file work-v1.cif (mmCIF, C-alpha atoms)
data_structure
#
loop_
_atom_site.label_atom_id
_atom_site.label_comp_id
_atom_site.auth_asym_id
_atom_site.auth_seq_id
_atom_site.Cartn_x
_atom_site.Cartn_y
_atom_site.Cartn_z
CA MET Q 176 -23.53 -73.28 19.01
CA HIS Q 177 -23.90 -75.81 16.17
CA LYS Q 178 -24.27 -78.71 18.61
CA LYS Q 179 -27.04 -76.87 20.44
CA THR Q 180 -28.79 -76.14 17.13
CA ARG Q 181 -28.43 -79.75 15.97
CA LEU Q 182 -29.93 -81.02 19.23
CA PHE Q 183 -32.78 -78.53 18.97
CA THR Q 184 -33.47 -79.74 15.41
CA PHE Q 185 -33.23 -83.46 16.23
CA TRP Q 186 -35.49 -83.25 19.28
CA GLY Q 187 -37.81 -80.86 17.47
CA ILE Q 188 -38.39 -83.27 14.61
CA LEU Q 189 -38.86 -86.14 17.03
CA PHE Q 190 -41.24 -84.20 19.30
CA THR Q 191 -43.33 -82.74 16.49
CA PHE Q 192 -43.54 -86.08 14.69
CA PHE Q 193 -44.92 -87.91 17.72
CA ALA Q 194 -47.06 -84.96 18.81
CA GLY Q 195 -48.48 -84.71 15.30
CA VAL Q 196 -49.24 -88.43 15.17
CA LEU Q 197 -51.07 -88.22 18.51
CA LEU Q 198 -52.79 -84.99 17.49
CA HIS Q 199 -54.25 -86.79 14.48
CA PHE Q 200 -56.42 -88.88 16.82
CA VAL Q 201 -57.09 -86.47 19.69
CA TYR Q 202 -60.26 -84.98 18.22
CA GLU Q 203 -61.93 -88.39 17.99
CA TRP Q 204 -60.58 -89.43 21.41
CA SER Q 205 -62.06 -86.27 22.95
CA GLY Q 206 -65.55 -87.17 21.76
CA GLN Q 207 -65.30 -84.53 19.01
CA ASN Q 208 -64.78 -81.70 21.46
CA PRO Q 209 -64.80 -78.46 19.42
CA TRP Q 210 -62.15 -76.86 21.64
CA VAL Q 211 -59.82 -79.74 20.81
CA GLY Q 212 -60.83 -79.34 17.16
CA LEU Q 213 -59.24 -75.90 17.11
CA PHE Q 214 -55.81 -77.58 17.34
CA ALA Q 215 -56.42 -81.09 16.01
CA PRO Q 216 -57.78 -82.17 12.62
CA VAL Q 217 -61.58 -82.47 12.59
CA SER Q 218 -61.70 -84.04 9.14
CA GLU Q 219 -59.49 -85.77 6.62
CA SER Q 220 -58.97 -82.62 4.53
CA THR Q 221 -55.48 -81.50 3.60
CA TRP Q 222 -56.10 -78.18 5.35
CA GLU Q 223 -56.89 -79.89 8.64
CA HIS Q 224 -53.78 -82.06 8.32
CA MET Q 225 -51.63 -78.94 8.08
CA LYS Q 226 -52.42 -78.51 11.79
CA LEU Q 227 -50.28 -81.60 12.48
CA VAL Q 228 -47.20 -79.60 11.49
CA PHE Q 229 -48.27 -76.11 12.55
CA PHE Q 230 -49.29 -76.54 16.18
CA PRO Q 231 -46.62 -79.01 17.39
CA MET Q 232 -43.88 -76.90 15.75
CA LEU Q 233 -45.39 -73.75 17.20
CA PHE Q 234 -45.52 -75.12 20.75
CA TYR Q 235 -42.02 -76.62 20.51
CA THR Q 236 -40.39 -73.44 19.20
CA MET Q 237 -42.35 -71.19 21.59
CA PHE Q 238 -40.76 -73.10 24.45
CA PHE Q 239 -37.29 -72.13 23.14
CA CYS Q 240 -37.99 -68.57 21.98
CA ARG Q 241 -37.33 -67.00 25.35
CA LYS Q 242 -34.32 -69.17 26.14
CA TRP Q 243 -32.60 -68.61 22.79
CA LYS Q 244 -33.07 -64.86 22.44
CA THR Q 245 -29.52 -64.15 23.63
CA PHE Q 246 -28.11 -67.05 21.62
CA SER Q 247 -29.91 -66.05 18.41
CA PRO Q 248 -31.79 -62.72 18.46
CA ASP Q 249 -33.82 -63.66 15.38
CA PHE Q 250 -34.78 -67.11 16.68
CA CYS Q 251 -38.48 -66.35 17.14
CA SER Q 252 -38.94 -64.84 13.69
CA VAL Q 253 -36.78 -67.56 12.08
CA SER Q 254 -38.91 -70.17 13.85
CA ALA Q 255 -42.09 -68.50 12.62
CA CYS Q 256 -40.80 -68.68 9.05
CA GLY Q 257 -39.80 -72.35 9.54
CA ILE Q 258 -43.23 -73.19 10.93
CA LEU Q 259 -44.96 -71.54 7.98
CA LEU Q 260 -42.60 -73.20 5.49
CA GLY Q 261 -43.15 -76.64 7.03
CA THR Q 262 -46.91 -76.12 7.18
CA LEU Q 263 -47.15 -74.96 3.57
CA SER Q 264 -45.04 -77.94 2.48
CA VAL Q 265 -47.88 -80.29 3.42
CA PRO Q 266 -50.27 -79.33 0.57
CA VAL Q 267 -47.42 -78.78 -1.90
CA LEU Q 268 -45.95 -82.25 -1.33
CA PHE Q 269 -49.33 -83.97 -0.98
CA TYR Q 270 -50.84 -82.56 -4.16
CA THR Q 271 -47.60 -83.07 -6.08
CA TYR Q 272 -47.28 -86.77 -5.31
CA SER Q 273 -51.01 -87.55 -5.45
CA GLY Q 274 -51.33 -85.60 -8.70
CA ILE Q 275 -48.49 -87.57 -10.27
CA LEU Q 276 -49.70 -90.97 -9.01
CA GLY Q 277 -53.42 -90.22 -9.34
CA ALA Q 278 -54.10 -91.47 -5.80
CA HIS Q 279 -52.87 -91.06 -2.26
CA PHE Q 280 -51.45 -93.70 0.04
CA LEU Q 281 -51.12 -93.75 3.83
CA PHE Q 282 -47.39 -94.46 3.73
CA ALA Q 283 -46.80 -91.55 1.33
CA ASP Q 284 -49.01 -89.28 3.46
CA ILE Q 285 -46.84 -90.06 6.49
CA LEU Q 286 -43.73 -89.31 4.42
CA VAL Q 287 -45.26 -85.97 3.39
CA PHE Q 288 -45.77 -85.16 7.07
CA LEU Q 289 -42.21 -86.16 7.96
CA CYS Q 290 -40.69 -84.30 4.98
CA SER Q 291 -42.65 -81.17 5.93
CA LEU Q 292 -41.16 -81.34 9.43
CA PHE Q 293 -37.66 -81.75 7.96
CA ILE Q 294 -38.19 -78.77 5.65
CA GLY Q 295 -39.41 -76.52 8.47
CA PHE Q 296 -36.71 -77.56 10.94
CA PHE Q 297 -33.93 -77.53 8.34
CA PHE Q 298 -34.82 -73.93 7.55
CA ILE Q 299 -34.65 -73.02 11.24
CA TYR Q 300 -31.38 -74.94 11.69
CA HIS Q 301 -29.77 -73.33 8.67
CA ALA Q 302 -30.89 -69.80 9.52
CA VAL Q 303 -29.89 -70.05 13.20
CA SER Q 304 -26.51 -71.69 12.60
CA LYS Q 305 -25.48 -69.28 9.82
CA GLN Q 306 -26.72 -66.22 11.75
CA LYS Q 307 -26.54 -64.18 8.57
CA TYR Q 308 -30.26 -63.98 7.98
CA HIS Q 309 -32.12 -61.09 9.49
CA PHE Q 310 -35.86 -61.31 9.58
CA CYS Q 311 -38.44 -58.69 10.29
CA LYS Q 312 -39.93 -60.03 13.48
CA LYS Q 313 -43.31 -58.34 13.25
CA PRO Q 314 -44.37 -59.69 9.81
CA ALA Q 315 -43.33 -63.25 10.71
CA ILE Q 316 -45.21 -63.18 14.00
CA ILE Q 317 -48.23 -61.53 12.35
CA LEU Q 318 -48.30 -64.32 9.76
CA ILE Q 319 -48.27 -66.94 12.54
CA PHE Q 320 -51.26 -65.28 14.22
CA LEU Q 321 -53.02 -64.95 10.86
CA ALA Q 322 -52.41 -68.66 10.12
CA MET Q 323 -53.70 -69.57 13.57
CA ALA Q 324 -56.83 -67.45 13.05
CA CYS Q 325 -57.41 -69.16 9.69
CA PHE Q 326 -57.03 -72.60 11.27
CA PHE Q 327 -59.55 -71.68 13.97
CA LEU Q 328 -62.04 -70.07 11.57
CA PHE Q 329 -61.86 -72.73 8.87
CA THR Q 330 -62.26 -75.51 11.44
CA PHE Q 331 -65.83 -74.34 11.94
CA PHE Q 332 -66.49 -72.72 8.54
CA PRO Q 333 -64.45 -74.54 5.88
CA PRO Q 334 -64.81 -73.08 2.39
CA SER Q 335 -66.14 -75.54 -0.17
CA PHE Q 336 -63.13 -76.02 -2.40
CA GLY Q 337 -60.06 -78.20 -2.91
CA ILE Q 338 -57.80 -78.09 0.10
CA PHE Q 339 -60.76 -77.99 2.50
CA SER Q 340 -62.61 -81.01 1.09
CA GLU Q 341 -62.46 -84.27 2.97
CA LYS Q 342 -60.66 -87.26 1.52
CA ALA Q 343 -62.61 -89.69 3.71
CA SER Q 344 -65.76 -89.50 5.78
CA SER Q 345 -65.25 -87.86 9.14
CA ALA Q 346 -66.86 -85.11 11.15
CA SER Q 347 -66.60 -81.87 9.23
CA GLY Q 348 -65.90 -78.42 10.60
CA THR Q 349 -69.57 -77.59 10.22
CA THR Q 350 -70.40 -80.61 12.38
CA ALA Q 351 -67.85 -79.46 14.96
CA PHE Q 352 -69.47 -76.02 15.02
CA TYR Q 353 -72.96 -77.56 15.34
CA LEU Q 354 -71.81 -79.76 18.24
CA PHE Q 355 -70.25 -76.72 19.90
CA ILE Q 356 -73.53 -74.78 19.66
CA GLN Q 357 -75.54 -77.78 20.94
CA ASN Q 358 -73.22 -78.32 23.93
CA HIS Q 359 -73.09 -74.65 24.89
CA ARG Q 360 -76.69 -73.62 24.32
CA ILE Q 361 -77.90 -70.94 26.70
CA THR Q 362 -81.15 -71.86 28.37
CA ALA Q 363 -83.53 -69.25 29.73
#
call {"tool": "encode", "arguments": {"input": "work-v1.cif", "output": "structure tokens"}}
result
Amino acid sequence: MHKKTRLFTFWGILFTFFAGVLLHFVYEWSGQNPWVGLFAPVSESTWEHMKLVFFPMLFYTMFFCRKWKTFSPDFCSVSACGILLGTLSVPVLFYTYSGILGAHFLFADILVFLCSLFIGFFFIYHAVSKQKYHFCKKPAIILIFLAMACFFLFTFFPPSFGIFSEKASSASGTTAFYLFIQNHRITA
């Protein structure tokens, strides 16, 4: 059981790291396709970079949810909590280090991403291997869907404060929405 959980964690961190790195560039590679922008960052805001943890972890753990139900009945809800914990670690770690140093650095940003993955997967590993945690499945899953809805909504309509502001110039969510409307205009 522990070997299986360790392998899941190791491959999960590896998969989500590389998937997240690729996801960082997919929006630009797609020609700023708004459908791609739902899952990939459309700007350099901290909020958009939370997608780099959320979606790869979500897809990776969804693949195992069905397989591991007999092995660990709470796996899906534990995974949901780990995904949320890893995702929320991004702004906490980013604003902590950049607030202390007064600036942000690419190398430190990558470490924030990697540490967030470790935090999320360590939580899942610990909860699954101890099997003493019992989670309410419905609230965890509801929070995942709520987070996903927020990612989708705020991609096109980002509020104008802190976590949603861009650190560097890039296409904003409003631009992504405008491009979507332009490309899908109904002609009479």
call {"tool": "atom_distance", "arguments": {"input": "work-v1.cif", "atom1": "atom CA of Thr221 of chain Q", "atom2": "atom CA of Thr184 of chain Q"}}
result
25.0 Å
call {"tool": "resolve_selection", "arguments": {"input": "work-v1.cif", "expression": "the PyMOL selection byres ((chain Q and resi 200) around 12)", "output": "ChimeraX atom specification"}}
result
/Q:193-199,201-208,211-212,214-219,224,227,345
call {"tool": "closest_residue", "arguments": {"input": "work-v1.cif", "among": "Q:Phe183, Q:Tyr235, Q:Tyr300, Q:Phe269", "to": "Phe288 of chain Q", "atoms": "only C-alpha atoms"}}
result
Q:Phe269
call {"tool": "atom_distance", "arguments": {"input": "work-v1.cif", "atom1": "atom CA of Trp210 of chain Q", "atom2": "atom CA of Thr330 of chain Q"}}
result
10.3 Å
call {"tool": "atom_distance", "arguments": {"input": "work-v1.cif", "atom1": "atom CA of Glu223 of chain Q", "atom2": "atom CA of Leu276 of chain Q"}}
result
22.0 Å
call {"tool": "residues_around", "arguments": {"input": "work-v1.cif", "residues": "segment 316-318 of chain Q", "least_positions_apart": "2", "cutoff": "9 Å", "atoms": "all atoms listed in the file", "output": "compact mmCIF listing (two decimals) with C-alpha atoms, in the frame of the given file"}}
result
# COMPACT_ATOMS: atom_id res chain seq x y z
CA CYS Q 251 -38.48 -66.35 17.14
CA SER Q 252 -38.94 -64.84 13.69
CA ALA Q 255 -42.09 -68.50 12.62
CA CYS Q 256 -40.80 -68.68 9.05
CA LEU Q 259 -44.96 -71.54 7.98
CA CYS Q 311 -38.44 -58.69 10.29
CA LYS Q 312 -39.93 -60.03 13.48
CA LYS Q 313 -43.31 -58.34 13.25
CA PRO Q 314 -44.37 -59.69 9.81
CA PHE Q 320 -51.26 -65.28 14.22
CA LEU Q 321 -53.02 -64.95 10.86
CA ALA Q 322 -52.41 -68.66 10.12
CA MET Q 323 -53.70 -69.57 13.57
call {"tool": "resolve_selection", "arguments": {"input": "work-v1.cif", "expression": "the PyMOL selection byres ((chain Q and resi 340) around 10)", "output": "number ranges by chain"}}
result
Q: 218-223, 333-339, 341-343, 347
call {"tool": "closest_residue", "arguments": {"input": "work-v1.cif", "among": "Q:Phe280, Q:Phe229, Q:Phe296, Q:Phe185", "to": "Val265 of chain Q", "atoms": "all atoms listed in the file"}}
result
Q:Phe229
call {"tool": "axis_aligned_box", "arguments": {"input": "work-v1.cif", "around": "segment 179-183 of chain Q", "padding_each_side": "6 Å", "output": "JSON"}}
result
{"center_x": -29.9, "center_y": -78.6, "center_z": 18.2, "size_x": 17.7, "size_y": 16.9, "size_z": 16.5}
call {"tool": "resolve_selection", "arguments": {"input": "work-v1.cif", "expression": "the PyMOL selection byres ((chain Q and resi 303) around 10)", "output": "MDAnalysis selection string"}}
result
chainID Q and resid 176:177 180 246:250 253:254 297:302 304:309
call {"tool": "closest_residue", "arguments": {"input": "work-v1.cif", "among": "Q:Leu260, Q:Cys240, Q:Val228, Q:Val287", "to": "Ser273 of chain Q", "atoms": "all atoms listed in the file"}}
result
Q:Val287
